[in-house]
file coords31.txt (compact mmCIF, C-alpha atoms)
# COMPACT_ATOMS: atom_id res chain seq x y z
CA MET J 724 -66.86 35.52 -46.86
CA SER J 725 -67.67 32.11 -45.42
CA TRP J 726 -69.63 33.82 -42.61
CA THR J 727 -71.92 35.81 -44.90
CA ASN J 728 -73.48 33.03 -46.92
CA GLY J 729 -74.29 29.35 -46.72
CA ILE J 730 -72.29 26.83 -48.72
CA ASP J 731 -74.25 26.27 -51.89
CA ILE J 732 -72.16 25.80 -54.98
CA THR J 733 -75.12 26.30 -57.31
CA LEU J 734 -75.39 29.97 -56.26
CA GLY J 735 -72.66 32.57 -56.12
CA ASN J 736 -72.01 34.78 -53.11
CA TYR J 737 -73.16 38.31 -53.99
CA LEU J 738 -69.95 39.95 -52.71
CA TRP J 739 -67.11 37.59 -53.57
CA LEU J 740 -64.17 39.57 -52.15
CA PRO J 741 -61.52 36.88 -52.94
CA MET J 742 -61.85 37.81 -56.64
CA GLY J 743 -60.52 41.28 -55.83
CA ALA J 744 -57.74 39.84 -53.68
CA LYS J 745 -56.56 37.54 -56.48
CA ILE J 746 -56.66 40.30 -59.11
CA LEU J 747 -54.75 42.72 -56.89
CA ALA J 748 -52.17 40.05 -56.05
CA PHE J 749 -51.51 39.36 -59.75
CA LEU J 750 -51.42 43.09 -60.56
CA LEU J 751 -48.99 43.97 -57.78
CA PHE J 752 -46.74 40.91 -57.75
CA GLY J 753 -47.13 39.53 -61.29
CA LEU J 754 -47.22 35.83 -62.11
CA TRP J 755 -45.04 35.15 -59.05
CA ALA J 756 -48.21 35.45 -56.98
CA LEU J 757 -49.63 32.28 -58.59
CA PRO J 758 -48.36 29.74 -56.00
CA GLY J 759 -49.68 31.90 -53.13
CA VAL J 760 -53.02 32.48 -54.83
CA LEU J 761 -53.35 28.76 -55.62
CA LEU J 762 -52.45 27.72 -52.08
CA GLY J 763 -54.81 30.30 -50.54
CA SER J 764 -57.69 29.32 -52.82
CA LEU J 765 -57.26 25.60 -52.20
CA MET J 766 -56.87 26.01 -48.43
CA SER J 767 -59.92 28.26 -48.08
CA GLY J 768 -61.89 25.95 -50.37
CA TYR J 769 -60.94 22.94 -48.25
CA ILE J 770 -61.20 24.45 -44.77
CA LEU J 771 -64.00 27.03 -45.11
CA TYR J 772 -66.16 25.63 -47.93
CA ASN J 773 -65.29 21.92 -47.77
CA PHE J 774 -65.23 21.58 -51.55
CA LEU J 775 -64.39 17.88 -51.34
CA ASN J 776 -67.89 17.29 -50.00
CA VAL J 777 -69.40 18.94 -53.08
CA ASP J 778 -67.42 16.75 -55.44
CA PRO J 779 -63.89 15.32 -54.97
CA ILE J 780 -62.88 16.27 -58.54
CA TYR J 781 -65.06 19.14 -59.76
CA GLY J 782 -65.03 21.02 -56.44
CA PRO J 783 -61.24 21.58 -56.43
CA LEU J 784 -61.28 22.05 -60.22
CA GLY J 785 -63.74 24.96 -59.84
CA THR J 786 -61.48 26.49 -57.17
CA LEU J 787 -58.48 26.18 -59.49
CA VAL J 788 -60.44 27.94 -62.25
CA GLY J 789 -61.15 30.75 -59.79
CA ALA J 790 -57.41 31.15 -59.21
CA PHE J 791 -56.44 31.05 -62.89
CA ALA J 792 -59.26 33.30 -64.25
CA PRO J 793 -57.72 36.65 -63.18
CA MET J 794 -54.33 35.58 -64.53
CA GLY J 795 -55.96 34.58 -67.82
CA ALA J 796 -57.75 37.93 -68.06
CA ILE J 797 -54.53 39.87 -67.40
CA LEU J 798 -52.64 37.84 -70.02
CA ILE J 799 -55.44 38.37 -72.57
CA MET J 800 -55.49 42.14 -72.02
CA ARG J 801 -51.70 42.32 -72.26
CA TYR J 802 -51.60 40.10 -75.39
CA PHE J 803 -54.10 42.34 -77.19
CA LYS J 804 -52.12 45.40 -76.02
CA LEU J 805 -55.17 46.90 -74.32
CA SER J 806 -53.44 47.90 -71.12
CA THR J 807 -50.37 47.61 -68.89
CA PHE J 808 -52.63 48.58 -65.91
CA PHE J 809 -50.18 51.22 -64.66
CA ASP J 810 -49.77 54.76 -66.03
CA SER J 811 -46.48 56.59 -66.52
CA ASP J 812 -46.39 57.57 -62.80
CA LYS J 813 -46.72 53.87 -61.89
CA LYS J 814 -50.20 54.44 -60.51
CA LEU J 815 -52.99 51.94 -61.12
CA GLU J 816 -55.17 52.82 -64.12
CA PHE J 817 -58.59 52.34 -62.48
CA ARG J 818 -60.71 52.20 -65.62
CA HIS J 819 -58.56 49.39 -66.99
CA VAL J 820 -58.64 47.56 -63.65
CA ILE J 821 -62.46 47.73 -63.56
CA PHE J 822 -62.61 46.23 -67.06
CA LEU J 823 -60.13 43.58 -65.91
CA ILE J 824 -62.45 42.70 -63.01
CA VAL J 825 -65.40 42.33 -65.41
CA LEU J 826 -63.37 40.16 -67.80
CA SER J 827 -62.02 37.97 -64.97
CA SER J 828 -65.56 37.54 -63.64
CA ILE J 829 -66.93 36.49 -67.04
CA ILE J 830 -64.12 33.95 -67.54
CA ASN J 831 -64.52 32.62 -63.99
CA THR J 832 -68.33 32.37 -64.18
CA LEU J 833 -68.55 30.69 -67.58
CA SER J 834 -65.67 28.29 -66.87
CA LYS J 835 -67.29 27.25 -63.59
CA LEU J 836 -70.66 26.81 -65.30
CA PHE J 837 -69.10 24.53 -67.93
CA ILE J 838 -67.36 22.49 -65.21
CA TYR J 839 -70.22 22.24 -62.71
CA LEU J 840 -73.31 21.92 -64.92
CA GLY J 841 -74.74 18.42 -64.71
CA ARG J 842 -71.89 17.26 -62.47
CA VAL J 843 -72.44 18.86 -59.08
CA SER J 844 -75.53 19.62 -57.04
CA GLY J 845 -76.15 22.02 -54.19
CA VAL J 846 -77.77 21.63 -50.78
CA ASP J 847 -80.94 19.49 -50.92
CA GLN J 848 -79.46 18.02 -54.11
CA GLN J 849 -80.91 20.79 -56.30
CA GLN J 850 -79.39 21.06 -59.77
CA ILE J 851 -77.77 24.16 -61.22
CA ASP J 852 -80.14 26.69 -62.78
CA SER J 853 -77.90 28.20 -65.49
CA PRO J 854 -79.29 31.78 -65.63
CA GLU J 855 -79.37 32.07 -61.85
CA PHE J 856 -75.86 30.61 -61.65
CA ILE J 857 -74.47 33.05 -64.22
CA LEU J 858 -76.19 36.09 -62.71
CA SER J 859 -75.21 35.36 -59.10
CA TYR J 860 -71.59 34.41 -59.82
CA LEU J 861 -71.08 37.33 -62.23
CA THR J 862 -72.59 39.88 -59.85
CA GLY J 863 -70.67 38.52 -56.86
CA ASP J 864 -67.32 38.48 -58.66
CA ILE J 865 -67.70 41.97 -60.12
CA LEU J 866 -68.96 43.58 -56.91
CA GLY J 867 -66.46 41.73 -54.73
CA GLY J 868 -63.59 42.63 -57.05
CA ILE J 869 -64.44 46.33 -57.18
CA VAL J 870 -65.15 46.63 -53.44
CA PHE J 871 -61.96 44.82 -52.39
CA ILE J 872 -59.65 46.77 -54.69
CA LEU J 873 -61.25 50.14 -53.89
CA LEU J 874 -61.11 49.48 -50.13
CA THR J 875 -57.50 48.36 -50.30
CA ILE J 876 -56.18 51.13 -52.54
CA LYS J 877 -58.28 54.08 -51.33
CA ILE J 878 -58.64 53.36 -47.59
CA PHE J 879 -56.24 50.77 -46.17
CA MET J 880 -53.12 51.74 -48.12
CA PRO J 881 -53.29 55.48 -47.23
CA ILE J 882 -53.85 54.60 -43.54
CA LEU J 883 -50.90 52.22 -43.48
CA LEU J 884 -48.75 54.77 -45.32
CA ARG J 885 -49.81 57.60 -42.98
CA PHE J 886 -48.79 55.70 -39.86
CA LYS J 887 -45.63 54.50 -41.63
CA LEU J 888 -46.61 50.86 -41.22
CA ILE J 889 -45.39 50.01 -44.72
CA MET E 1161 -77.08 61.70 -98.18
CA LEU E 1162 -73.81 60.07 -97.16
CA ILE E 1163 -75.44 58.36 -94.18
CA VAL E 1164 -78.09 56.85 -96.48
CA LYS E 1165 -75.35 55.44 -98.70
CA TYR E 1166 -73.57 53.98 -95.68
CA ASN E 1167 -76.82 52.41 -94.48
CA ILE E 1168 -77.40 50.84 -97.89
CA VAL E 1169 -73.85 49.40 -97.90
CA ALA E 1170 -74.30 47.98 -94.36
CA PHE E 1171 -77.70 46.56 -95.35
CA VAL E 1172 -76.23 44.86 -98.42
CA LEU E 1173 -73.27 43.46 -96.44
CA VAL E 1174 -75.55 41.83 -93.85
CA ILE E 1175 -77.94 40.45 -96.49
CA ILE E 1176 -75.11 38.99 -98.60
CA SER E 1177 -73.32 37.43 -95.60
CA SER E 1178 -76.64 35.98 -94.36
CA LEU E 1179 -77.34 34.51 -97.79
CA ILE E 1180 -73.85 32.96 -97.89
CA ILE E 1181 -74.30 31.12 -94.59
CA GLU E 1182 -77.92 30.25 -95.42
CA ARG E 1183 -76.81 28.56 -98.65
CA THR E 1184 -73.74 26.81 -97.25
CA THR E 1185 -74.73 25.66 -93.74
CA HIS E 1186 -77.63 24.52 -91.62
CA ILE E 1187 -79.18 27.26 -89.49
CA GLU E 1188 -80.76 26.40 -86.15
CA ILE E 1189 -81.47 28.95 -83.44
CA SER E 1190 -80.69 26.72 -80.44
CA ILE E 1191 -77.22 25.87 -81.80
CA GLY E 1192 -74.97 28.56 -83.24
CA ASN E 1193 -73.92 28.33 -86.83
CA LEU E 1194 -70.15 27.78 -86.75
CA LEU E 1195 -69.30 30.70 -89.06
CA TYR E 1196 -71.80 33.50 -88.45
CA LEU E 1197 -70.59 36.07 -91.01
CA PRO E 1198 -73.35 38.71 -90.41
CA MET E 1199 -71.75 39.53 -87.05
CA GLY E 1200 -68.55 40.46 -88.89
CA ALA E 1201 -70.59 42.55 -91.36
CA ALA E 1202 -72.18 44.46 -88.47
CA ILE E 1203 -68.88 45.10 -86.63
CA PHE E 1204 -67.11 46.09 -89.86
CA SER E 1205 -69.92 48.54 -90.76
CA TYR E 1206 -69.88 50.19 -87.33
CA LEU E 1207 -66.08 50.52 -87.39
CA VAL E 1208 -65.92 51.97 -90.89
CA TYR E 1209 -69.12 54.07 -91.06
CA GLY E 1210 -69.97 54.75 -87.40
CA PHE E 1211 -73.13 54.09 -85.39
CA GLY E 1212 -75.31 55.85 -87.99
CA VAL E 1213 -75.66 52.55 -89.89
CA LEU E 1214 -77.79 51.05 -87.10
CA PRO E 1215 -81.09 51.45 -89.06
CA GLY E 1216 -79.64 49.67 -92.11
CA LEU E 1217 -78.33 46.79 -89.99
CA ALA E 1218 -81.52 46.47 -87.95
CA ILE E 1219 -83.70 46.39 -91.10
CA ALA E 1220 -81.41 43.81 -92.73
CA ASN E 1221 -81.44 41.57 -89.62
CA THR E 1222 -85.23 41.87 -89.38
CA LEU E 1223 -85.78 40.98 -93.04
CA VAL E 1224 -83.38 38.03 -92.81
CA GLY E 1225 -85.07 36.69 -89.67
CA TYR E 1226 -88.61 37.18 -90.95
CA PHE E 1227 -88.33 36.01 -94.55
CA LEU E 1228 -85.19 33.86 -94.76
CA TRP E 1229 -85.63 32.11 -91.39
CA ASP E 1230 -89.42 31.92 -91.55
CA ASN E 1231 -90.31 34.32 -88.70
CA TRP E 1232 -87.28 33.18 -86.66
CA PHE E 1233 -88.27 29.50 -86.93
CA GLY E 1234 -91.70 30.27 -85.51
CA ILE E 1235 -90.77 32.04 -82.25
CA GLY E 1236 -91.69 35.48 -83.58
CA LEU E 1237 -91.17 38.46 -81.28
CA THR E 1238 -88.61 36.69 -79.05
CA GLY E 1239 -86.65 35.81 -82.16
CA PHE E 1240 -86.84 39.45 -83.27
CA PHE E 1241 -85.45 40.64 -79.92
CA GLY E 1242 -82.74 37.97 -79.78
CA HIS E 1243 -81.59 38.18 -83.38
CA ALA E 1244 -82.43 41.65 -84.72
CA VAL E 1245 -82.24 43.83 -81.59
CA VAL E 1246 -79.38 42.09 -79.76
CA GLY E 1247 -77.56 41.26 -83.00
CA SER E 1248 -77.61 44.92 -84.06
CA LEU E 1249 -76.85 46.44 -80.65
CA ALA E 1250 -74.18 44.01 -79.32
CA PRO E 1251 -71.35 45.47 -81.46
CA ILE E 1252 -72.33 49.00 -80.35
CA ALA E 1253 -72.28 47.89 -76.70
CA ALA E 1254 -68.83 46.33 -77.16
CA ILE E 1255 -67.39 49.37 -78.97
CA LEU E 1256 -68.81 51.77 -76.36
CA THR E 1257 -67.49 49.57 -73.52
CA MET E 1258 -63.98 49.56 -74.98
CA ARG E 1259 -64.12 53.33 -75.57
CA TYR E 1260 -65.55 54.06 -72.09
CA PHE E 1261 -62.78 52.09 -70.39
CA LYS E 1262 -60.23 53.83 -72.67
CA LEU E 1263 -58.95 50.53 -74.01
CA SER E 1264 -58.90 51.45 -77.68
CA LYS E 1265 -59.88 53.91 -80.40
CA PHE E 1266 -59.51 51.08 -82.97
CA TYR E 1267 -57.47 53.23 -85.35
CA ASP E 1268 -53.73 54.02 -85.40
CA ASP E 1269 -53.65 57.16 -87.54
CA GLU E 1270 -55.93 55.91 -90.31
CA ASP E 1271 -55.26 52.17 -90.13
CA LEU E 1272 -57.38 49.68 -88.20
CA ASN E 1273 -55.57 48.28 -85.16
CA PHE E 1274 -56.18 44.60 -85.79
CA ARG E 1275 -55.28 43.37 -82.30
CA HIS E 1276 -57.91 45.64 -80.82
CA VAL E 1277 -60.43 44.68 -83.49
CA ILE E 1278 -59.90 40.98 -82.71
CA PHE E 1279 -60.60 41.66 -79.04
CA LEU E 1280 -63.65 43.71 -80.06
CA VAL E 1281 -64.97 40.73 -82.06
CA ILE E 1282 -64.46 38.42 -79.06
CA LEU E 1283 -66.17 40.87 -76.69
CA THR E 1284 -69.08 41.35 -79.09
CA ALA E 1285 -69.46 37.58 -79.45
CA MET E 1286 -69.49 37.20 -75.66
CA ILE E 1287 -72.12 39.92 -75.13
CA ASN E 1288 -74.21 38.55 -78.00
CA ALA E 1289 -74.07 34.92 -76.79
CA LEU E 1290 -74.94 35.80 -73.17
CA LEU E 1291 -77.83 38.14 -74.05
CA LYS E 1292 -79.27 35.66 -76.56
CA PHE E 1293 -78.98 32.94 -73.91
CA PHE E 1294 -81.10 34.93 -71.44
CA ILE E 1295 -83.66 35.87 -74.13
CA PHE E 1296 -84.02 32.46 -75.81
CA MET E 1297 -83.86 30.09 -72.83
CA ASN E 1298 -87.55 30.50 -71.99
CA ALA E 1299 -88.77 30.86 -75.55
CA LEU E 1300 -87.23 27.86 -77.24
CA PRO E 1301 -89.37 24.73 -76.87
CA GLU E 1302 -86.38 22.40 -76.43
CA PHE E 1303 -83.71 24.19 -74.48
CA HIS E 1304 -81.68 21.49 -72.76
CA ALA E 1305 -78.10 22.48 -73.40
CA PRO E 1306 -77.12 25.91 -72.09
CA VAL E 1307 -73.39 25.16 -72.35
CA GLN E 1308 -73.75 24.09 -75.98
CA PHE E 1309 -75.85 27.19 -76.74
CA ILE E 1310 -73.35 29.65 -75.23
CA LEU E 1311 -70.28 27.91 -76.68
CA THR E 1312 -71.59 27.49 -80.23
CA HIS E 1313 -72.96 31.03 -80.42
CA PHE E 1314 -69.71 32.45 -79.00
CA VAL E 1315 -67.52 30.46 -81.41
CA SER E 1316 -69.73 31.17 -84.43
CA ASN E 1317 -69.83 34.91 -83.81
CA THR E 1318 -66.08 35.08 -83.14
CA LEU E 1319 -65.07 33.04 -86.20
CA GLY E 1320 -67.62 34.73 -88.45
CA GLY E 1321 -66.54 38.16 -87.26
CA LEU E 1322 -62.84 37.50 -87.74
CA VAL E 1323 -63.23 35.90 -91.18
CA PHE E 1324 -65.54 38.63 -92.49
CA ILE E 1325 -63.42 41.53 -91.22
CA TYR E 1326 -60.18 39.97 -92.50
CA VAL E 1327 -61.60 39.33 -95.98
CA ALA E 1328 -63.40 42.69 -96.16
CA SER E 1329 -60.33 44.70 -95.09
CA ARG E 1330 -58.06 42.83 -97.55
CA LEU E 1331 -60.59 43.34 -100.32
CA SER E 1332 -61.04 47.03 -99.57
CA ASN E 1333 -57.22 47.55 -99.44
CA PHE E 1334 -56.93 45.80 -102.82
CA LEU E 1335 -59.70 47.94 -104.33
CA VAL E 1336 -58.21 51.17 -102.93
CA LYS E 1337 -54.78 50.31 -104.39
CA ARG E 1338 -56.30 49.61 -107.82

call {"tool": "encode", "arguments": {"input": "coords31.txt", "output": "structure tokens"}}
result
Amino acid sequence: MSWTNGIDITLGNYLWLPMGAKILAFLLFGLWALPGVLLGSLMSGYILYNFLNVDPIYGPLGTLVGAFAPMGAILIMRYFKLSTFFDSDKKLEFRHVIFLIVLSSIINTLSKLFIYLGRVSGVDQQQIDSPEFILSYLTGDILGGIVFILLTIKIFMPILLRFKLI
Amino acid sequence: MLIVKYNIVAFVLVIISSLIIERTTHIEISIGNLLYLPMGAAIFSYLVYGFGVLPGLAIANTLVGYFLWDNWFGIGLTGFFGHAVVGSLAPIAAILTMRYFKLSKFYDDEDLNFRHVIFLVILTAMINALLKFFIFMNALPEFHAPVQFILTHFVSNTLGGLVFIYVASRLSNFLVKR
């Protein structure tokens, strides 16, 4: 994703695939995926997006929120007994997963807005425009989440299974 | 005739809950009231009587905004869209979303499933706060605190919704038993 867009924290990438990767990791491996997700998020934030340059505190904090948001959304949906995400044949329940992506994206976007607003600035020192921030982050997270999970489950997994690679 | 009765009940519920918060707290459109009971009245009406009570709720919200809040504190049509239209349609959007994604039917046999209703209240509050934010941010003369706006509206709608539905369901159970 770092190749497709410039590094401007005040605007979200319109296809944020890592959101889908995090959600799928938590769905498939449970809470045990947290250390890996945290490490991956922090490393990509540091190496690809240089979040320390944005702000030494709020940059990494925003990245951490991005790692915890999908976990929070899964725990909320399980607590309210809305879904277990898998049907009786142990197949993913896609409608529930799509709602999970939307919920994760809302939590991620609003938490980041609350953390960043008034504290960080983008390239050319422009301040965050709240509506633009919400719209771009929300769209990017939802689209990225759906695209990543659909690609993985519907295309890559069958190919790997067909050639007996997994 | 039944639908007219339901509309009248929904209308009365919204008016009474609006009068309660009007008399007990300070209302300001840029900061959410911390216990917005009319949201609970709207959700409760939709859950019990169905979407047919939309006219009653919309009329009640319009009358409250126009007369009680002095033409939505002077912002007129924008206030109407933010308060009456969004306020009446947000619970429908939340209920339809939860039904579309097959998350809940809200009833186990004939009893309300309270866990699902609590989530419905939270989802409605979220939709309501975000839509109002996008509608009001250009209309309000002093709009400096988006975080405060979203947070206070979200908390007020959630708390108001939960308190109203809890009290109303307890009261209706008590009346049915008597």

call {"tool": "closest_residue", "arguments": {"input": "coords31.txt", "among": "J:Ile829, J:Leu765, J:Leu754, J:Val760", "to": "Leu798 (chain J)", "atoms": "only C-alpha atoms"}}
result
J:Leu754

call {"tool": "residues_around", "arguments": {"input": "coords31.txt", "residues": "Gly763 (chain J)", "least_positions_apart": "6", "cutoff": "12 Å", "atoms": "only C-alpha atoms", "output": "number ranges by chain"}}
result
J: 741-742, 744-745, 748, 756-757, 769-771, 786-787, 789-790

call {"tool": "atom_distance", "arguments": {"input": "coords31.txt", "atom1": "CA of Gly1192 (chain E)", "atom2": "CA of Ile797 (chain J)"}}
result
28.2 Å

call {"tool": "residues_around", "arguments": {"input": "coords31.txt", "residues": "Ser859 (chain J)", "least_positions_apart": "4", "cutoff": "8 Å", "atoms": "all atoms listed in the file", "output": "PyMOL selection string"}}
result
chain J and resi 734-737+855+863

call {"tool": "interface_residues", "arguments": {"input": "coords31.txt", "of": "chain J", "to": "chain E", "cutoff": "6 Å", "atoms": "all atoms listed in the file", "output": "JSON, numbers by chain"}}
result
{"J": [803, 805, 818]}

call {"tool": "write_last_selection", "arguments": {"input": "coords31.txt", "atoms": "C-alpha atoms", "output": "PDB file, in the coordinates of the input"}}
result
ATOM      1  CA  PHE J 803     -54.100  42.340 -77.190  1.00  0.00           C
ATOM      2  CA  LEU J 805     -55.170  46.900 -74.320  1.00  0.00           C
ATOM      3  CA  ARG J 818     -60.710  52.200 -65.620  1.00  0.00           C
TER       4      ARG J 818
END

call {"tool": "atom_distance", "arguments": {"input": "coords31.txt", "atom1": "CA of Phe1211 (chain E)", "atom2": "CA of Arg1183 (chain E)"}}
result
29.0 Å

call {"tool": "atom_distance", "arguments": {"input": "coords31.txt", "atom1": "CA of Gly1236 (chain E)", "atom2": "CA of Phe1296 (chain E)"}}
result
11.3 Å

call {"tool": "residues_around", "arguments": {"input": "coords31.txt", "residues": "Leu1197 (chain E)", "least_positions_apart": "6", "cutoff": "7 Å", "atoms": "only C-alpha atoms", "output": "PDB file with C-alpha atoms, keeping the file's coordinate frame"}}
result
ATOM      1  CA  SER E1177     -73.320  37.430 -95.600  1.00  0.00           C
ATOM      2  CA  SER E1178     -76.640  35.980 -94.360  1.00  0.00           C
ATOM      3  CA  GLY E1320     -67.620  34.730 -88.450  1.00  0.00           C
ATOM      4  CA  GLY E1321     -66.540  38.160 -87.260  1.00  0.00           C
ATOM      5  CA  PHE E1324     -65.540  38.630 -92.490  1.00  0.00           C
TER       6      PHE E1324
END

call {"tool": "residues_around", "arguments": {"input": "coords31.txt", "residues": "Ile732 (chain J)", "least_positions_apart": "4", "cutoff": "8 Å", "atoms": "only C-alpha atoms", "output": "count of residues only"}}
result
3

call {"tool": "axis_aligned_box", "arguments": {"input": "coords31.txt", "around": "region 786-791 of chain J", "padding_each_side": "6 Å", "output": "lines of an AutoDock Vina configuration file"}}
result
center_x = -59.0
center_y = 28.7
center_z = -60.0
size_x = 17.0
size_y = 17.0
size_z = 17.7

call {"tool": "residues_around", "arguments": {"input": "coords31.txt", "residues": "Leu873 (chain J)", "least_positions_apart": "3", "cutoff": "12 Å", "atoms": "all atoms listed in the file", "output": "list in words"}}
result
Leu740, Gly743, Ala744, Leu747, Leu815, Phe817, Arg818, Val820, Ile821, Ile824, Leu866, Gly867, Gly868, Ile869, Val870, Ile876, Lys877, Ile878, Phe879, Met880 and Pro881 of chain J

call {"tool": "closest_residue", "arguments": {"input": "coords31.txt", "among": "E:Ile1255, E:Val1323, E:Val1208, E:Leu1300", "to": "Ile1189 (chain E)", "atoms": "all atoms listed in the file"}}
result
E:Leu1300

call {"tool": "residues_near_point", "arguments": {"input": "coords31.txt", "point": "(-62.6, 38.2, -62.6)", "cutoff": "8 Å", "atoms": "only C-alpha atoms", "output": "MDAnalysis selection string"}}
result
chainID J and resid 742:743 746 792:793 796 823:831 864:865 868

call {"tool": "closest_residue", "arguments": {"input": "coords31.txt", "among": "E:Leu1214, E:Gly1234, E:Ile1219, E:Glu1270", "to": "Ala1250 (chain E)", "atoms": "only C-alpha atoms"}}
result
E:Leu1214

call {"tool": "closest_residue", "arguments": {"input": "coords31.txt", "among": "E:Tyr1267, E:Ala1299, E:Ile1187, E:Ile1282", "to": "Asp1230 (chain E)", "atoms": "only C-alpha atoms"}}
result
E:Ile1187

call {"tool": "closest_residue", "arguments": {"input": "coords31.txt", "among": "E:Thr1238, E:Asn1317, E:Thr1312, E:Asn1333", "to": "Ile1191 (chain E)", "atoms": "only C-alpha atoms"}}
result
E:Thr1312

call {"tool": "build_atoms", "arguments": {"input": "coords31.txt", "residues": "region 1194-1210 of chain E", "atoms": "N, CA and C atoms", "output": "short mmCIF file (atom, residue, chain, number, x, y, z; two decimals), keeping the file's coordinate frame"}}
result
data_model
loop_
_atom_site.label_atom_id
_atom_site.label_comp_id
_atom_site.auth_asym_id
_atom_site.auth_seq_id
_atom_site.Cartn_x
_atom_site.Cartn_y
_atom_site.Cartn_z
N LEU E 1194 -71.56 27.66 -87.14
CA LEU E 1194 -70.15 27.78 -86.75
C LEU E 1194 -69.36 28.89 -87.45
N LEU E 1195 -69.98 29.57 -88.41
CA LEU E 1195 -69.30 30.70 -89.06
C LEU E 1195 -70.36 31.76 -89.34
N TYR E 1196 -70.70 32.54 -88.32
CA TYR E 1196 -71.80 33.50 -88.45
C TYR E 1196 -71.27 34.83 -89.00
N LEU E 1197 -71.19 34.91 -90.34
CA LEU E 1197 -70.59 36.07 -91.01
C LEU E 1197 -71.33 37.40 -90.75
N PRO E 1198 -72.67 37.42 -90.61
CA PRO E 1198 -73.35 38.71 -90.41
C PRO E 1198 -72.83 39.50 -89.20
N MET E 1199 -72.31 38.80 -88.19
CA MET E 1199 -71.75 39.53 -87.05
C MET E 1199 -70.53 40.35 -87.48
N GLY E 1200 -69.71 39.74 -88.35
CA GLY E 1200 -68.55 40.46 -88.89
C GLY E 1200 -69.00 41.65 -89.72
N ALA E 1201 -70.07 41.45 -90.52
CA ALA E 1201 -70.59 42.55 -91.36
C ALA E 1201 -71.03 43.72 -90.48
N ALA E 1202 -71.70 43.41 -89.36
CA ALA E 1202 -72.18 44.46 -88.47
C ALA E 1202 -71.01 45.21 -87.82
N ILE E 1203 -70.03 44.46 -87.29
CA ILE E 1203 -68.88 45.10 -86.63
C ILE E 1203 -68.10 45.95 -87.63
N PHE E 1204 -67.85 45.38 -88.82
CA PHE E 1204 -67.11 46.09 -89.86
C PHE E 1204 -67.82 47.40 -90.23
N SER E 1205 -69.15 47.34 -90.38
CA SER E 1205 -69.92 48.54 -90.76
C SER E 1205 -69.82 49.61 -89.69
N TYR E 1206 -69.96 49.21 -88.42
CA TYR E 1206 -69.88 50.19 -87.33
C TYR E 1206 -68.48 50.82 -87.28
N LEU E 1207 -67.43 49.99 -87.48
CA LEU E 1207 -66.08 50.52 -87.39
C LEU E 1207 -65.77 51.48 -88.53
N VAL E 1208 -66.26 51.15 -89.72
CA VAL E 1208 -65.92 51.97 -90.89
C VAL E 1208 -66.84 53.18 -91.02
N TYR E 1209 -68.15 52.98 -90.79
CA TYR E 1209 -69.12 54.07 -91.06
C TYR E 1209 -69.69 54.72 -89.80
N GLY E 1210 -69.43 54.16 -88.64
CA GLY E 1210 -69.97 54.75 -87.40
C GLY E 1210 -71.33 54.16 -87.04
#
